[in-house]
Each structure stands twice: as C-alpha cells, then as structure tokens.
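Q: Got a structure for you, start-v1.tsv, holding TSV, C-alpha atoms and all ligand atoms.
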```tsv
chain	number	residue	atom	x	y	z
A	692	MET	CA	9.04	-25.83	-2.63
A	693	LEU	CA	7.41	-22.66	-3.91
A	694	ILE	CA	8.47	-21.35	-7.33
A	695	ASP	CA	8.80	-17.62	-6.78
A	696	ILE	CA	8.58	-15.60	-10.00
A	697	ARG	CA	7.02	-12.43	-8.58
A	698	SER	CA	10.12	-10.45	-9.54
A	699	ASP	CA	13.77	-10.77	-10.55
A	700	THR	CA	14.58	-9.17	-7.18
A	701	VAL	CA	13.81	-12.35	-5.19
A	702	THR	CA	17.11	-14.08	-6.01
A	703	ARG	CA	19.40	-15.20	-3.17
A	704	PRO	CA	23.15	-14.56	-3.45
A	705	SER	CA	24.95	-17.76	-4.47
A	706	VAL	CA	27.69	-19.32	-2.35
A	707	ALA	CA	30.32	-17.96	-4.76
A	708	MET	CA	28.84	-14.45	-4.60
A	709	ARG	CA	28.81	-14.59	-0.79
A	710	GLN	CA	32.44	-15.71	-0.90
A	711	ALA	CA	33.35	-12.73	-3.06
A	712	MET	CA	31.54	-10.48	-0.57
A	713	ALA	CA	33.35	-12.03	2.39
A	714	ASN	CA	36.72	-11.47	0.72
A	715	ALA	CA	36.08	-7.83	-0.28
A	716	GLU	CA	38.68	-5.22	0.46
A	717	VAL	CA	36.81	-2.38	2.17
A	718	GLY	CA	37.18	1.17	3.48
A	719	ASP	CA	34.89	3.93	4.73
A	720	ASP	CA	33.19	5.19	1.59
A	721	VAL	CA	31.89	8.35	3.30
A	722	LEU	CA	35.42	9.25	4.45
A	723	GLU	CA	38.36	8.51	2.17
A	724	GLY	CA	36.58	5.92	0.04
A	725	ASP	CA	36.11	2.18	-0.38
A	726	PRO	CA	38.43	0.59	-2.97
A	727	THR	CA	35.97	-2.08	-4.09
A	728	VAL	CA	33.22	0.49	-4.58
A	729	ARG	CA	35.64	2.63	-6.62
A	730	ARG	CA	36.36	-0.37	-8.85
A	731	LEU	CA	32.68	-1.07	-9.38
A	732	GLU	CA	31.89	2.58	-10.16
A	733	ALA	CA	34.75	2.82	-12.66
A	734	ARG	CA	33.82	-0.47	-14.33
A	735	CYS	CA	30.16	0.49	-14.75
A	736	ALA	CA	31.03	3.98	-16.01
A	737	ALA	CA	33.33	2.41	-18.64
A	738	LEU	CA	30.66	-0.10	-19.70
A	739	LEU	CA	28.21	2.75	-20.25
A	740	GLY	CA	30.74	5.02	-21.94
A	741	LYS	CA	30.51	7.63	-19.15
A	742	GLU	CA	33.16	9.43	-17.11
A	743	SER	CA	31.97	8.59	-13.66
A	744	GLY	CA	29.75	6.25	-11.63
A	745	LEU	CA	28.22	6.30	-8.17
A	746	PHE	CA	27.02	3.32	-6.12
A	747	PHE	CA	23.58	3.54	-4.46
A	748	PRO	CA	21.63	1.35	-2.06
A	749	SER	CA	18.60	1.21	-4.38
A	750	GLY	CA	17.39	1.88	-7.87
A	751	SER	CA	14.84	4.33	-6.54
A	752	MET	CA	17.49	6.47	-4.85
A	753	ALA	CA	19.74	6.37	-7.91
A	754	ASN	CA	16.80	7.23	-10.19
A	755	MET	CA	15.70	10.11	-7.99
A	756	THR	CA	19.25	11.45	-7.85
A	757	GLY	CA	19.46	11.16	-11.64
A	758	VAL	CA	16.32	13.27	-11.94
A	759	ALA	CA	17.40	15.69	-9.21
A	760	VAL	CA	20.70	16.58	-10.92
A	761	HIS	CA	18.71	17.82	-13.94
A	762	ALA	CA	15.31	18.96	-12.71
A	763	SER	CA	14.75	22.29	-10.99
A	764	ILE	CA	12.01	23.32	-8.60
A	765	GLY	CA	8.83	24.47	-10.30
A	766	THR	CA	9.47	22.70	-13.59
A	767	GLU	CA	8.30	19.44	-15.17
A	768	VAL	CA	9.84	16.04	-15.70
A	769	ALA	CA	8.44	14.41	-18.84
A	770	LEU	CA	7.98	10.66	-18.46
A	771	ASP	CA	6.09	7.84	-20.13
A	772	GLU	CA	2.81	7.73	-18.22
A	773	ALA	CA	3.52	4.15	-17.12
A	774	ALA	CA	7.08	4.89	-15.95
A	775	HIS	CA	8.36	3.37	-12.72
A	776	LEU	CA	9.38	6.90	-11.71
A	777	ILE	CA	5.66	7.78	-11.71
A	778	TYR	CA	3.96	4.70	-10.30
A	779	GLY	CA	6.64	3.12	-8.13
A	780	GLU	CA	8.69	5.73	-6.31
A	781	MET	CA	6.34	7.42	-3.84
A	782	ALA	CA	5.94	10.62	-5.88
A	783	GLY	CA	9.64	11.37	-5.33
A	784	VAL	CA	9.83	13.64	-8.39
A	785	ALA	CA	7.41	16.00	-6.61
A	786	ALA	CA	8.37	15.32	-3.01
A	787	LEU	CA	12.16	15.33	-3.38
A	788	CYS	CA	12.93	17.21	-6.62
A	789	GLY	CA	10.18	19.88	-6.39
A	790	ALA	CA	9.10	19.22	-9.98
A	791	GLN	CA	5.81	17.96	-11.33
A	792	VAL	CA	5.49	14.94	-13.54
A	793	ARG	CA	4.40	15.45	-17.14
A	794	PRO	CA	2.96	12.06	-18.08
A	795	VAL	CA	3.26	11.28	-21.78
A	796	ARG	CA	0.82	8.76	-23.23
A	797	ALA	CA	2.06	6.24	-25.79
A	798	GLY	CA	0.27	6.72	-29.11
A	799	ALA	CA	-2.19	4.22	-30.58
A	800	GLY	CA	-0.66	0.80	-31.16
A	801	ARG	CA	2.37	1.49	-28.93
A	802	SER	CA	2.98	0.48	-25.33
A	803	VAL	CA	5.86	2.88	-24.64
A	804	MET	CA	6.28	6.64	-25.27
A	805	SER	CA	7.97	7.48	-28.59
A	806	ALA	CA	9.77	10.64	-29.71
A	807	ASP	CA	6.61	11.66	-31.59
A	808	ASP	CA	4.48	11.23	-28.47
A	809	LEU	CA	6.95	13.34	-26.52
A	810	ARG	CA	7.13	16.08	-29.16
A	811	GLY	CA	3.52	17.00	-28.50
A	812	SER	CA	4.29	17.56	-24.80
A	813	ILE	CA	7.01	20.16	-25.30
A	814	ARG	CA	5.31	23.54	-25.31
A	815	PRO	CA	6.74	26.75	-26.72
A	816	PRO	CA	8.08	29.23	-24.11
A	817	SER	CA	5.21	30.98	-22.34
A	818	LYS	CA	4.53	33.31	-19.41
A	819	HIS	CA	2.21	30.70	-17.92
A	820	ASP	CA	3.40	27.18	-18.59
A	821	PRO	CA	6.14	25.38	-16.67
A	822	VAL	CA	9.11	24.25	-18.72
A	823	ILE	CA	10.36	20.66	-18.95
A	824	SER	CA	13.75	20.43	-17.21
A	825	CYS	CA	14.29	16.68	-17.61
A	826	ILE	CA	13.08	13.89	-19.90
A	827	GLY	CA	13.04	10.38	-18.44
A	828	VAL	CA	13.11	7.16	-20.48
A	829	GLU	CA	12.85	3.60	-19.14
A	830	ASN	CA	14.60	0.62	-20.77
A	831	THR	CA	13.54	-2.12	-20.52
A	832	HIS	CA	10.04	-0.85	-19.84
A	833	ASN	CA	8.66	-2.76	-16.89
A	834	SER	CA	4.93	-2.15	-17.04
A	835	SER	CA	4.64	-2.91	-20.77
A	836	GLY	CA	6.14	-6.36	-20.09
A	837	GLY	CA	9.91	-5.77	-20.18
A	838	LYS	CA	9.75	-4.25	-23.66
A	839	VAL	CA	13.01	-3.04	-25.15
A	840	VAL	CA	12.90	0.55	-26.38
A	841	PRO	CA	14.95	0.29	-29.58
A	842	LEU	CA	18.09	2.37	-29.95
A	843	ALA	CA	16.67	4.24	-32.98
A	844	GLU	CA	13.69	5.43	-30.92
A	845	LEU	CA	15.93	6.50	-28.06
A	846	ARG	CA	18.16	8.40	-30.48
A	847	ALA	CA	15.10	10.22	-31.83
A	848	ILE	CA	14.15	11.16	-28.25
A	849	ARG	CA	17.68	12.43	-27.58
A	850	GLU	CA	17.63	14.48	-30.79
A	851	LEU	CA	14.38	16.09	-29.74
A	852	ALA	CA	15.75	16.71	-26.24
A	853	ASP	CA	18.87	18.36	-27.73
A	854	GLU	CA	16.72	20.59	-29.96
A	855	HIS	CA	15.16	21.96	-26.79
A	856	GLY	CA	18.25	21.79	-24.56
A	857	ILE	CA	16.61	19.32	-22.16
A	858	PRO	CA	18.76	16.68	-20.38
A	859	VAL	CA	17.74	13.01	-20.53
A	860	HIS	CA	17.82	10.56	-17.62
A	861	MET	CA	17.48	6.83	-18.32
A	862	ASP	CA	15.91	4.46	-15.83
A	863	GLY	CA	17.94	1.49	-17.00
A	864	ALA	CA	17.06	-0.77	-14.08
A	865	ARG	CA	17.05	-3.58	-16.65
A	866	LEU	CA	19.24	-2.04	-19.34
A	867	TRP	CA	21.44	-5.14	-18.99
A	868	ASN	CA	18.47	-7.14	-20.30
A	869	ALA	CA	17.83	-4.71	-23.16
A	870	SER	CA	21.44	-5.08	-24.24
A	871	ALA	CA	21.42	-8.88	-23.92
A	872	ALA	CA	18.19	-9.14	-25.92
A	873	THR	CA	19.22	-6.88	-28.80
A	874	GLY	CA	23.00	-7.03	-28.96
A	875	THR	CA	23.03	-3.21	-28.70
A	876	SER	CA	25.94	-2.32	-26.45
A	877	LEU	CA	25.40	-0.72	-23.07
A	878	ALA	CA	27.57	2.16	-24.30
A	879	ASP	CA	25.34	2.76	-27.35
A	880	PHE	CA	22.28	2.83	-25.10
A	881	GLY	CA	24.20	4.96	-22.59
A	882	ALA	CA	25.10	7.56	-25.22
A	883	ILE	CA	21.49	8.68	-25.58
A	884	ALA	CA	21.19	9.82	-21.96
A	885	HIS	CA	23.03	12.29	-19.74
A	886	THR	CA	22.59	10.02	-16.73
A	887	VAL	CA	21.76	6.31	-16.57
A	888	MET	CA	20.65	4.25	-13.57
A	889	LEU	CA	21.21	0.48	-13.61
A	890	SER	CA	19.98	-1.96	-10.99
A	891	LEU	CA	22.33	-4.57	-9.58
A	892	SER	CA	19.69	-6.34	-7.49
A	893	LYS	CA	17.51	-7.53	-10.40
A	894	GLY	CA	18.75	-9.72	-13.27
A	895	LEU	CA	22.32	-9.62	-12.00
A	896	GLY	CA	21.26	-11.28	-8.76
A	897	CYS	CA	22.96	-9.01	-6.20
A	898	PRO	CA	21.39	-8.60	-2.76
A	899	VAL	CA	21.48	-4.77	-2.84
A	900	GLY	CA	22.42	-1.90	-5.05
A	901	ALA	CA	22.23	0.27	-8.12
A	902	ILE	CA	24.61	2.46	-10.03
A	903	LEU	CA	24.22	5.91	-11.57
A	904	VAL	CA	26.59	7.05	-14.31
A	905	GLY	CA	27.16	10.37	-16.07
A	906	ASP	CA	29.82	12.99	-16.77
A	907	ALA	CA	32.15	14.01	-13.94
A	908	PRO	CA	30.61	17.41	-13.02
A	909	THR	CA	27.09	15.93	-13.01
A	910	MET	CA	28.22	13.04	-10.85
A	911	ARG	CA	29.85	15.43	-8.35
A	912	ARG	CA	26.39	16.98	-7.92
A	913	ALA	CA	24.93	13.48	-7.69
A	914	HIS	CA	27.37	12.69	-4.88
A	915	ALA	CA	26.10	15.65	-2.85
A	916	ILE	CA	22.47	14.71	-3.49
A	917	ARG	CA	23.10	11.08	-2.51
A	918	LYS	CA	24.54	12.32	0.78
A	919	ARG	CA	21.45	14.51	1.33
A	920	PHE	CA	19.18	11.50	0.64
A	921	GLY	CA	21.08	9.53	3.28
A	922	GLY	CA	22.70	7.24	0.72
A	923	GLY	CA	26.31	7.57	1.87
A	924	MET	CA	27.45	4.06	2.84
A	925	ARG	CA	30.51	2.98	4.81
A	926	GLN	CA	32.13	-0.45	4.17
A	927	SER	CA	29.94	-0.84	1.10
A	928	GLY	CA	32.69	-2.73	-0.71
A	929	ILE	CA	31.00	-5.85	0.67
A	930	LEU	CA	28.02	-5.03	-1.55
A	931	ALA	CA	30.10	-3.77	-4.48
A	932	ALA	CA	32.02	-7.08	-4.46
A	933	ALA	CA	28.73	-8.89	-5.13
A	934	ALA	CA	28.17	-6.62	-8.13
A	935	LEU	CA	31.69	-7.14	-9.49
A	936	TYR	CA	31.15	-10.88	-9.18
A	937	ALA	CA	27.79	-10.54	-10.96
A	938	LEU	CA	29.37	-8.60	-13.84
A	939	ASP	CA	31.93	-11.39	-14.23
A	940	VAL	CA	29.51	-14.31	-13.97
A	941	ASN	CA	25.82	-13.39	-14.18
A	942	LEU	CA	25.73	-10.72	-16.88
A	943	GLU	CA	26.43	-13.19	-19.68
A	944	ARG	CA	23.59	-15.52	-18.67
A	945	LEU	CA	20.70	-13.04	-19.00
A	946	ALA	CA	19.70	-14.55	-22.34
A	947	ASP	CA	18.80	-17.71	-20.35
A	948	ASP	CA	16.23	-15.67	-18.40
A	949	HIS	CA	14.78	-14.38	-21.65
A	950	ALA	CA	14.50	-17.94	-23.01
A	951	ASN	CA	12.88	-19.03	-19.73
A	952	ALA	CA	10.35	-16.19	-19.93
A	953	ARG	CA	9.36	-17.50	-23.36
A	954	VAL	CA	9.10	-21.02	-21.92
A	955	PHE	CA	6.74	-19.70	-19.23
A	956	ALA	CA	4.66	-17.72	-21.75
A	957	GLU	CA	4.33	-20.80	-23.96
A	958	ALA	CA	3.36	-23.02	-21.02
A	959	VAL	CA	0.59	-20.59	-20.08
A	960	GLY	CA	-0.43	-20.81	-23.73
A	961	SER	CA	-3.59	-19.38	-25.19
A	962	ILE	CA	-6.58	-19.13	-22.89
A	963	GLU	CA	-9.83	-17.78	-24.25
A	964	GLY	CA	-10.22	-14.13	-23.33
A	965	ALA	CA	-6.70	-13.84	-21.85
A	966	SER	CA	-3.70	-12.32	-23.49
A	967	VAL	CA	-0.09	-13.17	-22.76
A	968	VAL	CA	2.19	-10.29	-23.80
A	969	PRO	CA	5.02	-11.95	-25.80
A	970	PRO	CA	8.18	-11.27	-23.79
A	971	ASP	CA	11.09	-9.28	-25.26
A	972	THR	CA	13.16	-10.02	-22.16
A	973	ASN	CA	12.52	-11.62	-18.74
A	974	ILE	CA	9.08	-10.20	-17.84
A	975	VAL	CA	5.77	-11.82	-18.80
A	976	MET	CA	2.52	-9.89	-18.35
A	977	ILE	CA	-0.79	-11.74	-18.60
A	978	ASP	CA	-4.04	-9.84	-19.13
A	979	LEU	CA	-6.83	-11.90	-17.62
A	980	PRO	CA	-10.17	-12.83	-19.18
A	981	PRO	CA	-13.13	-10.54	-18.36
A	982	GLY	CA	-14.58	-11.21	-14.90
A	983	VAL	CA	-11.37	-12.78	-13.57
A	984	SER	CA	-9.42	-10.91	-10.91
A	985	SER	CA	-5.66	-10.89	-10.43
A	986	ALA	CA	-6.08	-11.45	-6.69
A	987	ASP	CA	-8.00	-14.67	-7.31
A	988	VAL	CA	-5.48	-16.01	-9.86
A	989	VAL	CA	-2.51	-15.10	-7.65
A	990	ALA	CA	-4.11	-16.85	-4.64
A	991	ARG	CA	-4.93	-20.00	-6.67
A	992	ALA	CA	-1.40	-20.14	-8.12
A	993	GLU	CA	0.09	-19.77	-4.65
A	994	ARG	CA	-1.99	-22.66	-3.32
A	995	ALA	CA	-0.53	-24.73	-6.17
A	996	GLY	CA	3.04	-23.67	-5.31
A	997	VAL	CA	3.75	-20.72	-7.63
A	998	LEU	CA	4.16	-17.09	-6.58
A	999	ILE	CA	3.36	-14.50	-9.25
A	1000	SER	CA	2.56	-10.84	-8.73
A	1001	GLU	CA	-0.66	-8.90	-9.05
A	1002	TRP	CA	0.32	-6.12	-11.44
A	1003	ASN	CA	-3.11	-4.48	-11.47
A	1004	PRO	CA	-6.63	-5.81	-10.89
A	1005	THR	CA	-6.72	-7.53	-14.29
A	1006	ARG	CA	-3.04	-8.17	-15.07
A	1007	VAL	CA	-0.57	-10.56	-13.43
A	1008	ARG	CA	3.22	-10.70	-13.87
A	1009	GLY	CA	5.78	-13.50	-13.86
A	1010	VAL	CA	9.51	-12.76	-14.10
A	1011	ALA	CA	12.31	-15.15	-15.04
A	1012	HIS	CA	15.48	-14.90	-12.98
A	1013	LEU	CA	18.63	-16.75	-12.06
A	1014	ASP	CA	17.08	-18.91	-9.36
A	1015	VAL	CA	14.49	-20.56	-11.68
A	1016	ASP	CA	15.39	-22.91	-14.52
A	1017	ALA	CA	13.45	-23.89	-17.64
A	1018	ALA	CA	11.79	-26.88	-15.93
A	1019	ALA	CA	10.51	-24.69	-13.09
A	1020	MET	CA	9.26	-22.12	-15.60
A	1021	THR	CA	7.38	-24.82	-17.54
A	1022	GLN	CA	5.79	-26.02	-14.29
A	1023	ALA	CA	4.98	-22.44	-13.24
A	1024	GLY	CA	3.34	-21.76	-16.61
A	1025	ALA	CA	1.12	-24.85	-16.29
A	1026	VAL	CA	0.12	-23.88	-12.73
A	1027	VAL	CA	-0.75	-20.32	-13.77
A	1028	ARG	CA	-2.71	-21.60	-16.75
A	1029	ASP	CA	-4.72	-23.93	-14.46
A	1030	ALA	CA	-5.23	-21.08	-11.97
A	1031	ILE	CA	-6.65	-18.82	-14.68
A	1032	GLN	CA	-8.91	-21.56	-16.03
A	1033	ALA	CA	-10.17	-22.41	-12.53
A	1034	SER	CA	-10.84	-18.75	-11.91
A	1035	VAL	CA	-12.79	-18.48	-15.19
A	1036	ALA	CA	-14.87	-21.54	-14.20
A	1037	ALA	CA	-15.55	-20.08	-10.72
A	1038	ALA	CA	-16.61	-16.75	-12.21
A	1039	ARG	CA	-19.27	-18.35	-14.46
B	1	LIG	C1	12.00	0.01	-14.00
B	1	LIG	C2	12.39	0.16	-12.57
B	1	LIG	N1	13.01	1.27	-12.16
B	1	LIG	C3	13.40	1.44	-10.89
B	1	LIG	C4	13.18	0.49	-9.93
B	1	LIG	C5	13.59	0.75	-8.51
B	1	LIG	O1	14.56	-0.10	-8.02
B	1	LIG	P1	14.67	-0.42	-6.43
B	1	LIG	O2	13.60	-1.41	-6.13
B	1	LIG	O3	16.05	-0.96	-6.27
B	1	LIG	O4	14.48	0.86	-5.70
B	1	LIG	C6	12.53	-0.70	-10.30
B	1	LIG	C7	12.25	-1.75	-9.29
B	1	LIG	O5	11.46	-2.63	-9.46
B	1	LIG	C8	12.12	-0.86	-11.65
B	1	LIG	O6	11.48	-1.97	-12.05
```
Transcribe the structure of this file into structure tokens.
Ligand SMILES: Cc1ncc(COP(=O)(O)O)c(C=O)c1O

A:
Amino acid sequence: MLIDIRSDTVTRPSVAMRQAMANAEVGDDVLEGDPTVRRLEARCAALLGKESGLFFPSGSMANMTGVAVHASIGTEVALDEAAHLIYGEMAGVAALCGAQVRPVRAGAGRSVMSADDLRGSIRPPSKHDPVISCIGVENTHNSSGGKVVPLAELRAIRELADEHGIPVHMDGARLWNASAATGTSLADFGAIAHTVMLSLSKGLGCPVGAILVGDAPTMRRAHAIRKRFGGGMRQSGILAAAALYALDVNLERLADDHANARVFAEAVGSIEGASVVPPDTNIVMIDLPPGVSSADVVARAERAGVLISEWNPTRVRGVAHLDVDAAAMTQAGAVVRDAIQASVAAAR
C-alpha cells in the first residue's frame, strides 16, 4: 500500500467520525440555521476567545472572507511574500477583494516576516501611494516548513498594526499545530488578530471545512460575504459533526504528528548537498542537492511506494498526519532518502 504524505489533507474520516456525521442533528443553515453548525461555531469562537464563528466549506473561502471584511477596493493587503494567500488562492485578494498584495520579504536569517520586516512596508500617508487596509499573518507557516510564528512576534505585529489602525487577519489553517507545539493557547494566538481562519480538514482529519472567528459585527459582514461567495450550506451539520468529533478526539493527538515528522526527518537523515528543514510541527521540507529535480525524486519515491509533494523545482514536502504512524514515517523517510540518492547518482 502507498504511504501518502503529500499533505495532511489526505486523511480519510474514521469509522467513529463517520458515525458522528451519520447521527448529526441537522437543519437548513441558509434558512433558520443548523443546530450542529451553531454548536461548532460557538465552540471554535470560545476556543479562540472571539465572540462569533462561521463555518465555511474551505480554508480558502474563509481566508478570503477574512481579508474581505477588512480590505477595501484600491488598497493593499500586506502579507509575508510566501503566504498561502499569495501563492495558493488564485489571486483572490485581487480578484475578489479588489486589493493588491503587498508582499513583505523576511529579513536575512529569517524564513517568515517579522514585525520589523513589516514596519518598512508601511508608508506615511501620501497623495500617490495606496494604503494598507489589512495585514495578514500565517501560523503555522506552510512554505517555511510548518514553522511556528512565536506569540511575541505576533504581538509585535499587532502592536504595529494598532499604531497604524490596520486590522489583522490570521491564516491559522494549522494554528491547532502551533498551539500543540508551543503550549500557547489558541486564545492567546487568537488575541493578536481581528479575524482568524482555522482549517478543519488538515491535522484534525475532517473531510471538509474551515472556521472563521471574530467579533460579532465583523462576523455579520463575513456572513454576507460568505453568501456572496456561494458558501451558504444547507444540512451542513453533517460536516460540522465531523469537526466536533475531531475537537473531542483528534485535537489532543497533534503532538504525535509532530513527533512523526521528526521521525521522518531523521530517517531521511543527512545527504550531501541536501538540507532537511528541522520540523517545528508536522511539515518537513527537503531542499534537494544541486542538479536534482523535485519531479525526479517524487517519481522515484512513488515507484517505491511513497507519495510526497513537489513543493517547487528543488524542494519536496512530506507531511505527517493521522493516517500514518511512526513505522510508516520511518519507512517513508528511508524511501525518500534512497530516491534522493538515486537521483543524485543519475544526475552525475
Ligand atoms: C496555510 C494555508 N492556508 C490556507 C489553506 C487553504 O485551505 P483549503 O485547501 O481548505 O482551501 C491552506 C491549504 O493547504 C494552507 O496550507
């Protein structure tokens, strides 16, 4: 059987999760509301220390709504230049919010934008320059290898944002992982942002869904925008029940994924010319030796029974998740190591 570690989104709902879905109490969430969805929204809002939550079909739609409630047409959204909102959401900030992206480069020695990096992007008021109407942060930070942005850094970003009266949206697709890895509560992370998106279909193992939280007036606007994006769902309690089950059962096991990511990284080991980014959480990025292509390594690993993803032409990604255990991650690491070494030999 293939070991699939392309992403933490490839998990299949367990029998117990499917049972919870089958037993869900439902209603029409576009009409008078779905009781199970209401419970999920309230529970997530409370976890994040916010007034209100809203259930979405995807992280991308929840993220874009989170940006749209803050950003206005003809302004800028400041984001880490490697943010998922820039590279992974079909230019939605421009196409759907009418704002342009202001990419902020992480300073030397850092892989994620800091408050200092951001400070240089905020220009004084001018007759010519667009203003920044929203600052976006991402935690954990996918493209840097699931790095946790520490609470102190996020607080510094929020302080800077407050100085300039700019709202902050957090892409917390994997904020659950950041919290599990650091012990920082979701509410402490949540306090630094006006809106937070969290994915349910990644580490928590749900088939579908994301949640957006914020204060009540902001979330009323989010509700209208979700409807405009076509995100109103009907008997969505079936999906919310999976998420409630995941909060009960899967949330507390995320540290296992982080341990398994380390197991994988260790099994890949040190290969001359390659660099394995030490994982903070469940994502492992591997920068390949010169002359070796991601496509070749991915194809070789697949022939040997392991699916990893091609992150860019010279970087591959493996992600630990609830459907792979430590033994499978050890095996996957050895296969990827062999694939890289075979690719190096073939390139000579
Ligand atoms: C950091 C980050 N944000 C947002 C998303 C979007 O989530 P979805 O795939 O549910 O639209 C992803 C998905 O991979 C992600 O990794």

Q: Go through the chains and note each residue within 7 Å of ligand LIG 1 (chain B), using only C-alpha atoms and all ligand atoms, then give the set as a PyMOL selection string.

A: chain A and resi 749-752+754+775-776+829+832-833+862-865+890+892+900-901

Q: So which residues touch Ala715 (chain A) within 9 Å, counting only C-alpha atoms, skipping near sequence neighbours fewer than 4 positions away, as a tab-separated table (two decimals) with C-alpha atoms, in the frame of the given file?

A:
```tsv
chain	number	residue	atom	x	y	z
A	710	GLN	CA	32.44	-15.71	-0.90
A	711	ALA	CA	33.35	-12.73	-3.06
A	727	THR	CA	35.97	-2.08	-4.09
A	928	GLY	CA	32.69	-2.73	-0.71
A	929	ILE	CA	31.00	-5.85	0.67
A	930	LEU	CA	28.02	-5.03	-1.55
A	931	ALA	CA	30.10	-3.77	-4.48
A	932	ALA	CA	32.02	-7.08	-4.46
A	933	ALA	CA	28.73	-8.89	-5.13
```

Q: I need the residue nearest Ala733 (chain A) from this list: A:Ile826, A:Val859, A:Val760, A:Leu903. Use only C-alpha atoms for the distance.

A: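 Comparing A:Ile826, A:Val859, A:Val760, A:Leu903 against Ala733 (chain A), the winner is A:Leu903.
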
Q: Skipping near chain neighbours, those fewer than 2 positions away, what residues fall within 8 Å of Ser927 (chain A) using all atoms listed in the file, listed as a PyMOL selection string?

A: chain A and resi 717-720+725+728+924-925+929-931

Q: Excluding same-chain residues fewer than 4 positions from region 994-1001 of chain A, what lies within 7 Å of it counting all atoms listed in the file, as a short mmCIF file (atom, residue, chain, number, x, y, z; two decimals) with C-alpha atoms, in the coordinates of the input?

A:
```cif
data_model
loop_
_atom_site.label_atom_id
_atom_site.label_comp_id
_atom_site.auth_asym_id
_atom_site.auth_seq_id
_atom_site.Cartn_x
_atom_site.Cartn_y
_atom_site.Cartn_z
CA MET A 692 9.04 -25.83 -2.63
CA LEU A 693 7.41 -22.66 -3.91
CA ILE A 694 8.47 -21.35 -7.33
CA ASP A 695 8.80 -17.62 -6.78
CA ILE A 696 8.58 -15.60 -10.00
CA ARG A 697 7.02 -12.43 -8.58
CA SER A 985 -5.66 -10.89 -10.43
CA ALA A 986 -6.08 -11.45 -6.69
CA VAL A 989 -2.51 -15.10 -7.65
CA ALA A 990 -4.11 -16.85 -4.64
CA ARG A 1006 -3.04 -8.17 -15.07
CA VAL A 1007 -0.57 -10.56 -13.43
CA ARG A 1008 3.22 -10.70 -13.87
CA GLY A 1009 5.78 -13.50 -13.86
CA ALA A 1023 4.98 -22.44 -13.24
CA VAL A 1026 0.12 -23.88 -12.73
#
```

Q: Quick one: pull the distance between CA of Leu942 (chain A) and CA of Asn868 (chain A), Å, one decimal.

A: 8.8 Å

Q: Under the rule that only C-alpha atoms are counted, which of A:Leu731, A:Ala946, A:Val795, A:Val940 is the nearest residue to Ala707 (chain A)?

A: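 Distance minimum relative to Ala707 (chain A) lands on A:Val940.
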
Q: In Å, rounded to a single decimal, give me how far CA of Gln1022 (chain A) is from CA of Val706 (chain A).

A: 25.8 Å
